[in-house]
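Q: The structure follows.
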Amino acid sequence: MSARLFLFGDDIDTDQLAPGQYMKGGIDELTAHCLEGVRPDFAGSVRSGDILVAGKNFGMGSSREQAAEALKKLGLAAVIARSFAGIFYRNAINLGLPVLIAPNLPDLEDGASAALDLDAGTLTLVDSGQVISLEPLPENLKALLADGGLVPHLKKRFSRERHKEHGQCA
Amino acid sequence: MTTPTTLAQKILARASGRSHVAPGEVVTCAVDLAMIHDSGGPRRVEPILQDLGVGLFDRNKVVLISDHFVPGDTDEGARILELTRAWAKERQVAFHDGEGICHVVLPEKGHLKPGMLVVGGDSHSPTGGAFGAYMFGVGATEMAGVLATGEIWLKVPQTILIEWQNRLSDGVTAKDIMLALCGKLGMDGGQYQAVEYTGEAIRALSMQERMTLSNMAAELGGQAGLIAPDETTIAFLEKAGADLGSLDWASLKTDADAPVLSHHVFDAASLVPQVAAPHSPANSGPVTDAPGTPIQVAYLGACTGAKYEDLKNAAAILKGKTVASGVELLVAPSSAQDQSRAARDGILGTLEEAGAKLLPNACGICAGYGAHRLGEDVTCISSTARNFKGRMGANSSKVWLGSPFTVAASAVTGRISDPRPFLSEGAAR
């Protein structure tokens, strides 16, 4: 299944992703204003399964995880960037939003169709057939993403631990 | 002979229960302290803890500080503060309510110690690195995980050594160092590694000035912003009531021959006051090269820009002066403790006589909160850490960054100004 690419530049910050003035509201309100400062139509035009592609240092700034949560809420399949700010990167994985580093990202066309293969770590452009390779995720983060994020991952861990305790009691 | 290691490696080896850790290794660390605030704290972590069906890993290792929605001047803000207070009571954690901004209150109340592994629910958490603690920021879900397990994973960082030789000149501060570094290294220059500040100029700085350096490691994109503890650190912490016990703080340093990712050397003596143009701290350069852009708001606030010494520096400029007509000077002291000290020393009086308007000890407009958010097309000079588009108000507002000296001088002239002529004028009086 192919997705549409939404292109952004370098240094997209968390105040663009989750503007401070809407922080006291809920995630739905924040999501509606996600990235409106750089691309006013973004929240309205992005569809489930689409992919955001950006330059370097994506998600710099605040630790507010609503920045990643809003993108997940919009249904993005993944964010691909030349590099990510550290806290945003951790937040995205913790929320189950795939974030992939492509240091040598070629120039792409906004709105182009592409197919993402998370397991293979590739993004294939439908029109040209060009294959862009993405940096593989570290093993510990693969496990987190496979579980759907940190909360389901911890639930699994706690349930394992409880079983073990019961096992020992028996 | 043991392998030479960095300060970051030493702290993370201890926290992960190993004799040695190497850069690039993924390790699980025991968390010595977790700091949360009213925005990313209870309202966000409690639902996750409930979902997980667990409580706090250790209530004695959790500190809650309200600073984002203080003073609760909107219905929603007031509701969030109420929820925060109820949570503090129920969970029985240390709670500092309306006493100031978390990064300033945490060390001021003696919660930090050199060598600790500390997680903070805010991006400016690297501030704790000024005390030789490995402190870094995380989002709310990750914080909930920490509160549930007392653990966090880290990729052992490489160290980027930033050395400032010689001493800063009069009128030049830690904020100028950081704006210069943002310009030179860029906002991803820290590569999410450990930034460590060293050199004569750093050792000569007070703790509050060092906190500005560590705080803005966030603007460099570093995970942590470390400064090895010395006598200055220990004196501050003892005064703050930290229980240092038999801590061998002198061993907490980067060994001379430890491998580092890079080592940058700068001359502090030749640094002049810096300003960063809208909309990035990396748009920085000497104030002497900046156009004298007219301003309507001068803001002294936030965790990097309104501590006691920041207020004192601003007062040195504003003594006997008044703010230019058409300019609003807003002052939000970083903590209640710093505010009382400034009041006792006559600093607050000087600021108010010059025309400053005093705001609550909170994050305020730096984080986009409160009634004083910048309006359409307003130009502001601010002593805060970031000037992203729309962060402090309308998308059309423009924020310049500068030191408290520079903000004060600009408030007097009504345009972005070099503070040094004011200081030499003061010295001549």
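Letters A, B, ... go to the chains of the structure tokens in the order shown; residues in each chain start at 1; ligands are counted from 1 in the same order.
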If we count only C-alpha atoms, which residues of chain A reach to within 6 Å of chain B? Please list them as JSON, numbers by chain.
A: {"A": [15, 20, 21, 62, 63, 64, 65, 86, 87, 91]}
Q: Write out as a PyMOL selection string each polymer residue whose atoms come within 8 Å of region 134-143 of chain A, counting only C-alpha atoms; drop sequence neighbours fewer than 6 positions from it.
A: chain A and resi 93+100-103+121-123
Q: What does the distance between CA of Tyr89 (chain A) and CA of Phe8 (chain A) come to in Å, to one decimal place?
A: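 Going from CA of Tyr89 (chain A) over to CA of Phe8 (chain A) covers 16.5 Å.
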Q: For the structure I just gave you, how does DSSP split chain A - specifically, which residues are alpha helix (DSSP H)? Reply as a ChimeraX atom specification.
A: /A:14-17,27-32,42-45,66-73,86-94,139-147,150-169
Q: If you run DSSP on this backbone, which residues of chain A come out as strand (DSSP E or B), and could you give them as a ChimeraX atom specification?
A: /A:3-7,13,51-54,58,60,78-81,84,99-101,113-117,122-125,131-133
Q: Could you tell me which of B:Asp338, B:Gly186, B:Thr406, B:Leu252 comes closest to Asp11 (chain A) if we count only C-alpha atoms?
A: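 Nearest candidate to Asp11 (chain A) out of B:Asp338, B:Gly186, B:Thr406, B:Leu252: B:Gly186.
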Q: May I ask for the distance between CA of Arg43 (chain B) and CA of Gly148 (chain A), given in Å to one decimal place?
A: 22.0 Å
Q: Give me, as a ChimeraX atom specification, all polymer residues having an atom no more than 7 Å from Asp32 (chain B), counting only C-alpha atoms and skipping those fewer than 3 positions away in the same chain.
A: /B:61,116-118
Q: Grab the CA of Leu83 (chain B) to CA of Asp38 (chain B) distance for me, in Å with one decimal place.
A: 8.7 Å
Q: Find the residue from B:Pro4, B:Gly402, B:Pro23, B:Gly375 that sits nearest to Gly285 (chain B); use only C-alpha atoms when measuring.
A: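 Going through B:Pro4, B:Gly402, B:Pro23, B:Gly375 one by one, the smallest distance to Gly285 (chain B) is for B:Gly402.
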Q: Tell me which protein, DNA and RNA residues are within 6 Å of region 149-161 of chain A, counting only C-alpha atoms, leaving out same-chain ones fewer than 5 positions away, and put them as number ranges by chain.
A: A: 94-96, 144
Q: Output C-alpha atoms for every residue in the selection just made, as a compact mmCIF listing (two decimals), in the first residue's frame.
A:
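Below is the file that was written, selection.txt:
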# COMPACT_ATOMS: atom_id res chain seq x y z
CA ASN A 94 7.42 5.45 23.44
CA LEU A 95 4.08 6.35 21.84
CA GLY A 96 4.49 3.74 19.11
CA LEU A 144 9.27 -1.21 22.08
Q: Give me the residues near region 54-60 of chain A as a JSON list (two decimals) with C-alpha atoms, in the first residue's frame, where near means some atom within 7 Å (using only C-alpha atoms) and where sequence neighbours in that chain fewer than 2 positions away do not count.
A:
[["chain", "number", "residue", "atom", "x", "y", "z"],
["A", 7, "LEU", "CA", 7.75, 17.30, 3.05],
["A", 8, "PHE", "CA", 9.14, 19.67, 5.69],
["A", 9, "GLY", "CA", 12.48, 21.43, 6.11],
["A", 10, "ASP", "CA", 15.13, 21.47, 8.86],
["A", 11, "ASP", "CA", 14.68, 22.29, 12.54],
["A", 12, "ILE", "CA", 10.89, 21.79, 12.82],
["A", 13, "ASP", "CA", 10.36, 22.57, 16.52],
["A", 14, "THR", "CA", 7.86, 21.35, 19.10],
["A", 52, "LEU", "CA", 6.06, 12.99, 7.05],
["A", 62, "SER", "CA", 10.36, 21.10, 24.30],
["A", 80, "ILE", "CA", 11.44, 10.03, 8.30],
["A", 81, "ALA", "CA", 14.12, 12.68, 8.79],
["A", 82, "ARG", "CA", 17.80, 13.33, 8.19],
["A", 83, "SER", "CA", 18.11, 13.55, 12.00],
["A", 84, "PHE", "CA", 15.87, 13.91, 15.05],
["A", 85, "ALA", "CA", 16.11, 15.84, 18.30],
["A", 88, "PHE", "CA", 11.26, 13.86, 20.40],
["B", 188, "ASP", "CA", 22.04, 20.02, 16.62]]
Q: Can you work out which one of B:Pro281, B:Gly100, B:Pro419, B:Pro114 has the shortest atom-to-atom distance to Asp248 (chain B), counting only C-alpha atoms?
A: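 Nearest candidate to Asp248 (chain B) out of B:Pro281, B:Gly100, B:Pro419, B:Pro114: B:Pro114.
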Q: Would you kindly return, as an MDAnalysis selection string, each protein, DNA or RNA residue with an atom no farther than 9 Å from any atom of Ala306 (chain B), considering only C-alpha atoms and excluding same-chain residues fewer than 4 positions away?
A: chainID B and resid 300:302 310:311 331:335 338 383:384 404
